[in-house]
>>> print(open('structure.cif').read())   # mmCIF, C-alpha atoms
data_start
loop_
_atom_site.group_PDB
_atom_site.id
_atom_site.type_symbol
_atom_site.label_atom_id
_atom_site.label_comp_id
_atom_site.auth_asym_id
_atom_site.auth_seq_id
_atom_site.Cartn_x
_atom_site.Cartn_y
_atom_site.Cartn_z
ATOM 1 C CA MET A 1 138.990 121.103 135.019
ATOM 2 C CA SER A 2 138.530 118.701 132.154
ATOM 3 C CA GLU A 3 135.535 116.379 131.961
ATOM 4 C CA LYS A 4 137.712 113.273 131.954
ATOM 5 C CA SER A 5 139.235 114.477 135.209
ATOM 6 C CA THR A 6 135.941 114.500 137.075
ATOM 7 C CA GLY A 7 134.784 111.092 135.870
ATOM 8 C CA ALA A 8 137.597 108.997 137.379
ATOM 9 C CA HIS A 9 136.828 106.272 139.886
ATOM 10 C CA ALA A 10 138.996 105.022 142.705
ATOM 11 C CA THR A 11 141.093 101.999 141.873
ATOM 12 C CA PRO A 12 143.126 99.784 144.196
ATOM 13 C CA ALA A 13 146.231 101.483 142.761
ATOM 14 C CA ASP A 14 144.824 104.924 143.715
ATOM 15 C CA ALA A 15 144.125 103.710 147.255
ATOM 16 C CA GLU A 16 147.675 102.387 147.535
ATOM 17 C CA LEU A 17 149.104 105.718 146.315
ATOM 18 C CA ILE A 18 146.952 107.687 148.765
ATOM 19 C CA GLY A 19 147.840 105.505 151.754
ATOM 20 C CA PRO A 20 145.836 104.565 154.852
ATOM 21 C CA ASP A 21 145.016 108.162 155.895
ATOM 22 C CA ARG A 22 142.761 109.415 153.087
ATOM 23 C CA THR A 23 141.834 112.803 154.621
ATOM 24 C CA LEU A 24 142.010 115.749 152.210
ATOM 25 C CA LEU A 25 141.208 119.396 152.914
ATOM 26 C CA ILE A 26 140.547 121.602 149.876
ATOM 27 C CA VAL A 27 140.523 125.374 150.462
ATOM 28 C CA ASP A 28 139.407 127.577 147.554
ATOM 29 C CA ASP A 29 137.027 130.533 147.278
ATOM 30 C CA ASP A 30 135.890 129.576 143.763
ATOM 31 C CA GLY A 31 132.783 127.595 144.757
ATOM 32 C CA PRO A 32 132.087 125.740 141.479
ATOM 33 C CA PHE A 33 135.769 124.771 141.062
ATOM 34 C CA LEU A 34 135.936 123.699 144.714
ATOM 35 C CA ARG A 35 132.901 121.405 144.440
ATOM 36 C CA ARG A 36 134.054 119.851 141.126
ATOM 37 C CA LEU A 37 137.510 119.186 142.543
ATOM 38 C CA ALA A 38 136.024 117.729 145.749
ATOM 39 C CA ARG A 39 133.858 115.310 143.742
ATOM 40 C CA ALA A 40 136.812 114.314 141.560
ATOM 41 C CA MET A 41 139.051 113.662 144.583
ATOM 42 C CA GLU A 42 136.311 111.678 146.359
ATOM 43 C CA ALA A 43 135.961 109.552 143.218
ATOM 44 C CA ARG A 44 139.698 108.806 143.459
ATOM 45 C CA GLY A 45 139.388 107.614 147.066
ATOM 46 C CA PHE A 46 139.995 110.660 149.269
ATOM 47 C CA ALA A 47 137.828 111.563 152.270
ATOM 48 C CA VAL A 48 137.301 115.231 151.385
ATOM 49 C CA GLU A 49 136.508 118.280 153.510
ATOM 50 C CA ILE A 50 136.131 121.688 151.871
ATOM 51 C CA ALA A 51 136.562 125.284 153.002
ATOM 52 C CA GLU A 52 135.840 128.482 151.062
ATOM 53 C CA SER A 53 137.826 130.934 153.222
ATOM 54 C CA VAL A 54 141.009 131.287 155.252
ATOM 55 C CA ALA A 55 139.008 131.360 158.493
ATOM 56 C CA GLU A 56 137.084 128.190 157.610
ATOM 57 C CA GLY A 57 140.278 126.475 156.401
ATOM 58 C CA ILE A 58 142.134 127.287 159.629
ATOM 59 C CA ALA A 59 139.191 126.082 161.748
ATOM 60 C CA LYS A 60 139.037 122.759 159.881
ATOM 61 C CA ALA A 61 142.826 122.379 159.965
ATOM 62 C CA LYS A 62 142.833 122.864 163.729
ATOM 63 C CA SER A 63 139.898 120.561 164.470
ATOM 64 C CA HIS A 64 140.905 117.746 162.068
ATOM 65 C CA PRO A 65 144.416 118.199 160.612
ATOM 66 C CA PRO A 66 144.371 116.417 157.225
ATOM 67 C CA LYS A 67 146.995 114.110 155.721
ATOM 68 C CA HIS A 68 146.562 115.876 152.345
ATOM 69 C CA ALA A 69 145.626 119.463 151.471
ATOM 70 C CA VAL A 70 145.035 121.545 148.340
ATOM 71 C CA ILE A 71 145.083 125.254 149.138
ATOM 72 C CA ASP A 72 144.500 128.290 146.922
ATOM 73 C CA LEU A 73 146.973 131.055 147.733
ATOM 74 C CA ARG A 74 144.666 134.033 147.185
ATOM 75 C CA LEU A 75 141.408 133.784 149.054
ATOM 76 C CA GLY A 76 138.730 136.427 149.609
ATOM 77 C CA ASP A 77 139.589 136.900 153.284
ATOM 78 C CA GLY A 78 143.376 136.587 153.114
ATOM 79 C CA SER A 79 146.245 134.324 152.145
ATOM 80 C CA GLY A 80 146.306 130.549 151.916
ATOM 81 C CA LEU A 81 149.742 130.768 153.578
ATOM 82 C CA ASP A 82 147.872 131.199 156.887
ATOM 83 C CA VAL A 83 146.083 127.874 156.334
ATOM 84 C CA ILE A 84 149.418 126.187 155.541
ATOM 85 C CA GLU A 85 150.875 127.501 158.816
ATOM 86 C CA ALA A 86 147.804 126.310 160.762
ATOM 87 C CA ILE A 87 148.131 122.810 159.296
ATOM 88 C CA ARG A 88 151.884 122.681 159.946
ATOM 89 C CA GLY A 89 151.245 123.782 163.539
ATOM 90 C CA ARG A 90 149.087 120.680 164.101
ATOM 91 C CA ARG A 91 150.604 118.087 161.791
ATOM 92 C CA ASP A 92 154.019 117.928 160.144
ATOM 93 C CA ASP A 93 153.385 115.056 157.716
ATOM 94 C CA THR A 94 150.607 116.697 155.671
ATOM 95 C CA ARG A 95 151.185 116.593 151.913
ATOM 96 C CA MET A 96 150.135 120.081 150.748
ATOM 97 C CA ILE A 97 149.713 121.395 147.217
ATOM 98 C CA VAL A 98 149.279 125.121 146.609
ATOM 99 C CA LEU A 99 147.120 126.430 143.755
ATOM 100 C CA THR A 100 147.664 129.907 142.415
ATOM 101 C CA GLY A 101 145.551 131.626 139.815
ATOM 102 C CA TYR A 102 148.155 134.314 139.467
ATOM 103 C CA GLY A 103 151.056 131.990 138.770
ATOM 104 C CA ASN A 104 153.086 133.938 141.309
ATOM 105 C CA ILE A 105 156.201 131.827 141.661
ATOM 106 C CA ALA A 106 157.684 133.940 144.476
ATOM 107 C CA THR A 107 154.649 133.421 146.718
ATOM 108 C CA ALA A 108 154.416 129.763 145.741
ATOM 109 C CA VAL A 109 158.082 129.286 146.676
ATOM 110 C CA ASN A 110 157.257 130.935 150.004
ATOM 111 C CA ALA A 111 154.470 128.366 150.453
ATOM 112 C CA VAL A 112 156.897 125.533 149.722
ATOM 113 C CA LYS A 113 159.278 126.931 152.359
ATOM 114 C CA LEU A 114 156.394 126.895 154.854
ATOM 115 C CA GLY A 115 155.819 123.223 154.146
ATOM 116 C CA ALA A 116 153.819 122.847 150.945
ATOM 117 C CA LEU A 117 154.960 119.945 148.791
ATOM 118 C CA ASP A 118 154.441 121.636 145.436
ATOM 119 C CA TYR A 119 152.458 124.331 143.657
ATOM 120 C CA LEU A 120 150.332 124.299 140.526
ATOM 121 C CA ALA A 121 149.080 127.227 138.459
ATOM 122 C CA LYS A 122 145.347 127.407 137.845
ATOM 123 C CA PRO A 123 143.592 126.079 135.944
ATOM 124 C CA ALA A 124 144.937 122.726 137.133
ATOM 125 C CA ASP A 125 142.786 119.683 136.545
ATOM 126 C CA ALA A 126 142.048 116.852 138.958
ATOM 127 C CA ASP A 127 144.572 114.534 137.275
ATOM 128 C CA GLU A 128 147.418 117.040 137.796
ATOM 129 C CA ILE A 129 146.379 117.687 141.395
ATOM 130 C CA PHE A 130 146.059 113.972 142.195
ATOM 131 C CA ALA A 131 149.484 113.268 140.645
ATOM 132 C CA ALA A 132 151.070 116.070 142.693
ATOM 133 C CA LEU A 133 149.428 114.853 145.927
ATOM 134 C CA VAL A 134 150.638 111.260 145.559
ATOM 135 C CA ARG A 135 154.047 111.970 143.997
ATOM 136 C CA ARG A 136 156.789 110.449 146.110
ATOM 137 C CA GLN A 137 159.832 112.396 147.193
ATOM 138 C CA GLY A 138 162.538 112.370 144.541
ATOM 139 C CA GLU A 139 160.119 111.411 141.758
ATOM 140 C CA ARG A 140 160.778 113.371 138.587
ATOM 141 C CA VAL A 141 158.284 115.961 137.415
ATOM 142 C CA GLU A 142 157.654 116.255 133.689
ATOM 143 C CA LEU A 143 158.957 119.464 132.142
ATOM 144 C CA PRO A 144 156.314 121.859 130.776
ATOM 145 C CA GLU A 145 155.747 121.781 127.015
ATOM 146 C CA ASN A 146 155.776 125.583 126.716
ATOM 147 C CA PRO A 147 158.383 127.653 128.575
ATOM 148 C CA MET A 148 157.476 131.040 130.047
ATOM 149 C CA SER A 149 157.348 134.037 127.728
ATOM 150 C CA ALA A 150 159.733 136.967 128.242
ATOM 151 C CA ASP A 151 156.799 139.045 129.583
ATOM 152 C CA ARG A 152 156.008 136.303 132.075
ATOM 153 C CA VAL A 153 159.643 136.040 133.223
ATOM 154 C CA ARG A 154 159.689 139.828 133.800
ATOM 155 C CA TRP A 155 156.405 139.643 135.729
ATOM 156 C CA GLU A 156 157.700 136.780 137.892
ATOM 157 C CA HIS A 157 160.879 138.748 138.687
ATOM 158 C CA ILE A 158 158.810 141.759 139.769
ATOM 159 C CA GLN A 159 156.645 139.479 141.949
ATOM 160 C CA ARG A 160 159.738 137.918 143.561
ATOM 161 C CA VAL A 161 161.188 141.329 144.451
ATOM 162 C CA TYR A 162 157.759 142.458 145.711
ATOM 163 C CA GLU A 163 157.633 139.431 148.052
ATOM 164 C CA MET A 164 161.235 140.044 149.194
ATOM 165 C CA CYS A 165 160.195 143.605 150.105
ATOM 166 C CA GLU A 166 157.330 142.197 152.201
ATOM 167 C CA ARG A 167 154.775 143.504 149.677
ATOM 168 C CA ASN A 168 155.913 147.116 150.107
ATOM 169 C CA VAL A 169 155.218 148.877 146.782
ATOM 170 C CA SER A 170 157.504 151.864 147.426
ATOM 171 C CA GLU A 171 160.495 149.716 148.403
ATOM 172 C CA THR A 172 159.908 147.362 145.469
ATOM 173 C CA ALA A 173 159.746 150.299 143.026
ATOM 174 C CA ARG A 174 162.971 151.708 144.472
ATOM 175 C CA ARG A 175 164.813 148.373 144.149
ATOM 176 C CA LEU A 176 163.582 147.844 140.592
ATOM 177 C CA ASN A 177 164.363 151.454 139.639
ATOM 178 C CA MET A 178 160.772 151.818 138.490
ATOM 179 C CA HIS A 179 158.133 154.505 138.987
ATOM 180 C CA ARG A 180 155.753 153.587 141.812
ATOM 181 C CA ARG A 181 152.588 154.080 139.710
ATOM 182 C CA THR A 182 153.969 151.916 136.914
ATOM 183 C CA LEU A 183 154.660 149.172 139.434
ATOM 184 C CA GLN A 184 151.151 149.490 140.897
ATOM 185 C CA ARG A 185 149.644 149.040 137.408
ATOM 186 C CA ILE A 186 151.768 145.931 136.815
ATOM 187 C CA LEU A 187 150.839 144.444 140.204
ATOM 188 C CA ALA A 188 147.133 145.034 139.575
ATOM 189 C CA LYS A 189 147.162 142.969 136.375
ATOM 190 C CA ARG A 190 147.027 139.195 136.017
ATOM 191 C CA ALA A 191 150.167 137.351 135.025
ATOM 192 C CA PRO A 192 150.912 137.326 131.285
ATOM 193 C CA LYS A 193 150.843 133.935 129.567
#
>>> encode(input="structure.cif", output="structure tokens")
Amino acid sequence: MSEKSTGAHATPADAELIGPDRTLLIVDDDGPFLRRLARAMEARGFAVEIAESVAEGIAKAKSHPPKHAVIDLRLGDGSGLDVIEAIRGRRDDTRMIVLTGYGNIATAVNAVKLGALDYLAKPADADEIFAALVRRQGERVELPENPMSADRVRWEHIQRVYEMCERNVSETARRLNMHRRTLQRILAKRAPK
């Protein structure tokens, strides 16, 4: 997160964009990132609650369903998709943004189908996250400056098939006509740039 992103202060325009319900739940298992983002969002006018695990995120979502949420997909004790489902079970107007350190488009698309508004690849800064949270439906999103590399496109395709096969390595390898061990090595690595 950039330094300029954490130093912002709430303005009347920010408050108007956020709306009357300022509640925001941030779920991420990266403690330092979580606390920096929480401070940055509080400075912009949100009433922030944080959670560092799926279990804690679900508990907070059930006790006080937020109007806004920022949820990391891969958490130490499971998937952020479970937190999204818990929020949707209590409140259907929550504006949710999914963060993914792996840039896994297939899983992020799954999150959007479950009710997330958008997804951002880490490292996303507070300005990007704030803009995604307050973006109105139908508003245009700026195109990225750098398109995905061929290696990244291949990796994303493998991830999409893996998700379609319900994360079954053998079935994914069969569908991709790939050796199972080769697929396991690819899945164990981070996404290429």
>>> residues_near_point(input="structure.cif", point="(133.5, 134.4, 145.5)", cutoff="10 Å", atoms="all atoms listed in the file", output="list in words")
Asp28, Asp29, Asp30, Gly31, Pro32, Glu52, Ser53, Leu75 and Gly76 of chain A
>>> resolve_selection(input="structure.cif", expression="the PyMOL selection byres ((chain A and resi 86-102) around 9)", output="ChimeraX atom specification")
/A:28,57-59,61-62,64-74,80-85,103-105,107-108,111-112,114-124,129,132-134,190-191
>>> closest_residue(input="structure.cif", among="A:Ala15, A:Ala126, A:Val109, A:Val54", to="A:Arg36", atoms="all atoms listed in the file")
A:Ala126
>>> closest_residue(input="structure.cif", among="A:Ala51, A:Gly19, A:Gly78, A:Ser63", to="A:Phe33", atoms="all atoms listed in the file")
A:Ala51
>>> closest_residue(input="structure.cif", among="A:Arg154, A:Leu25, A:Glu56, A:His179", to="A:Asp77", atoms="all atoms listed in the file")
A:Glu56
>>> atom_distance(input="structure.cif", atom1="atom CA of A:Asp21", atom2="atom CA of A:Ala55")
24.1 Å
>>> atom_distance(input="structure.cif", atom1="atom CA of A:Thr23", atom2="atom CA of A:Ala47")
4.8 Å
>>> resolve_selection(input="structure.cif", expression="the PyMOL selection byres ((chain A and resi 17) around 12)", output="ChimeraX atom specification")
/A:10-16,18-22,44-46,130-136
>>> resolve_selection(input="structure.cif", expression="the PyMOL selection byres ((chain A and resi 155-168) around 8)", output="list in words")
Asn104, Ile105, Ala106, Thr107, Asp151, Arg152, Val153, Arg154, Val169, Ser170, Glu171, Thr172, Arg175, Leu176, Ile186, Leu187, Ala191 and Pro192 of chain A
>>> atom_distance(input="structure.cif", atom1="atom CA of A:Lys60", atom2="atom CA of A:Leu34")
15.5 Å
>>> axis_aligned_box(input="structure.cif", around="stretch 39-42 of chain A", padding_each_side="4 Å", output="JSON")
{"center_x": 136.5, "center_y": 113.5, "center_z": 144.0, "size_x": 13.2, "size_y": 11.6, "size_z": 12.8}
>>> closest_residue(input="structure.cif", among="A:Ala40, A:Gln184, A:Glu49, A:Met178", to="A:Ile26", atoms="all atoms listed in the file")
A:Glu49
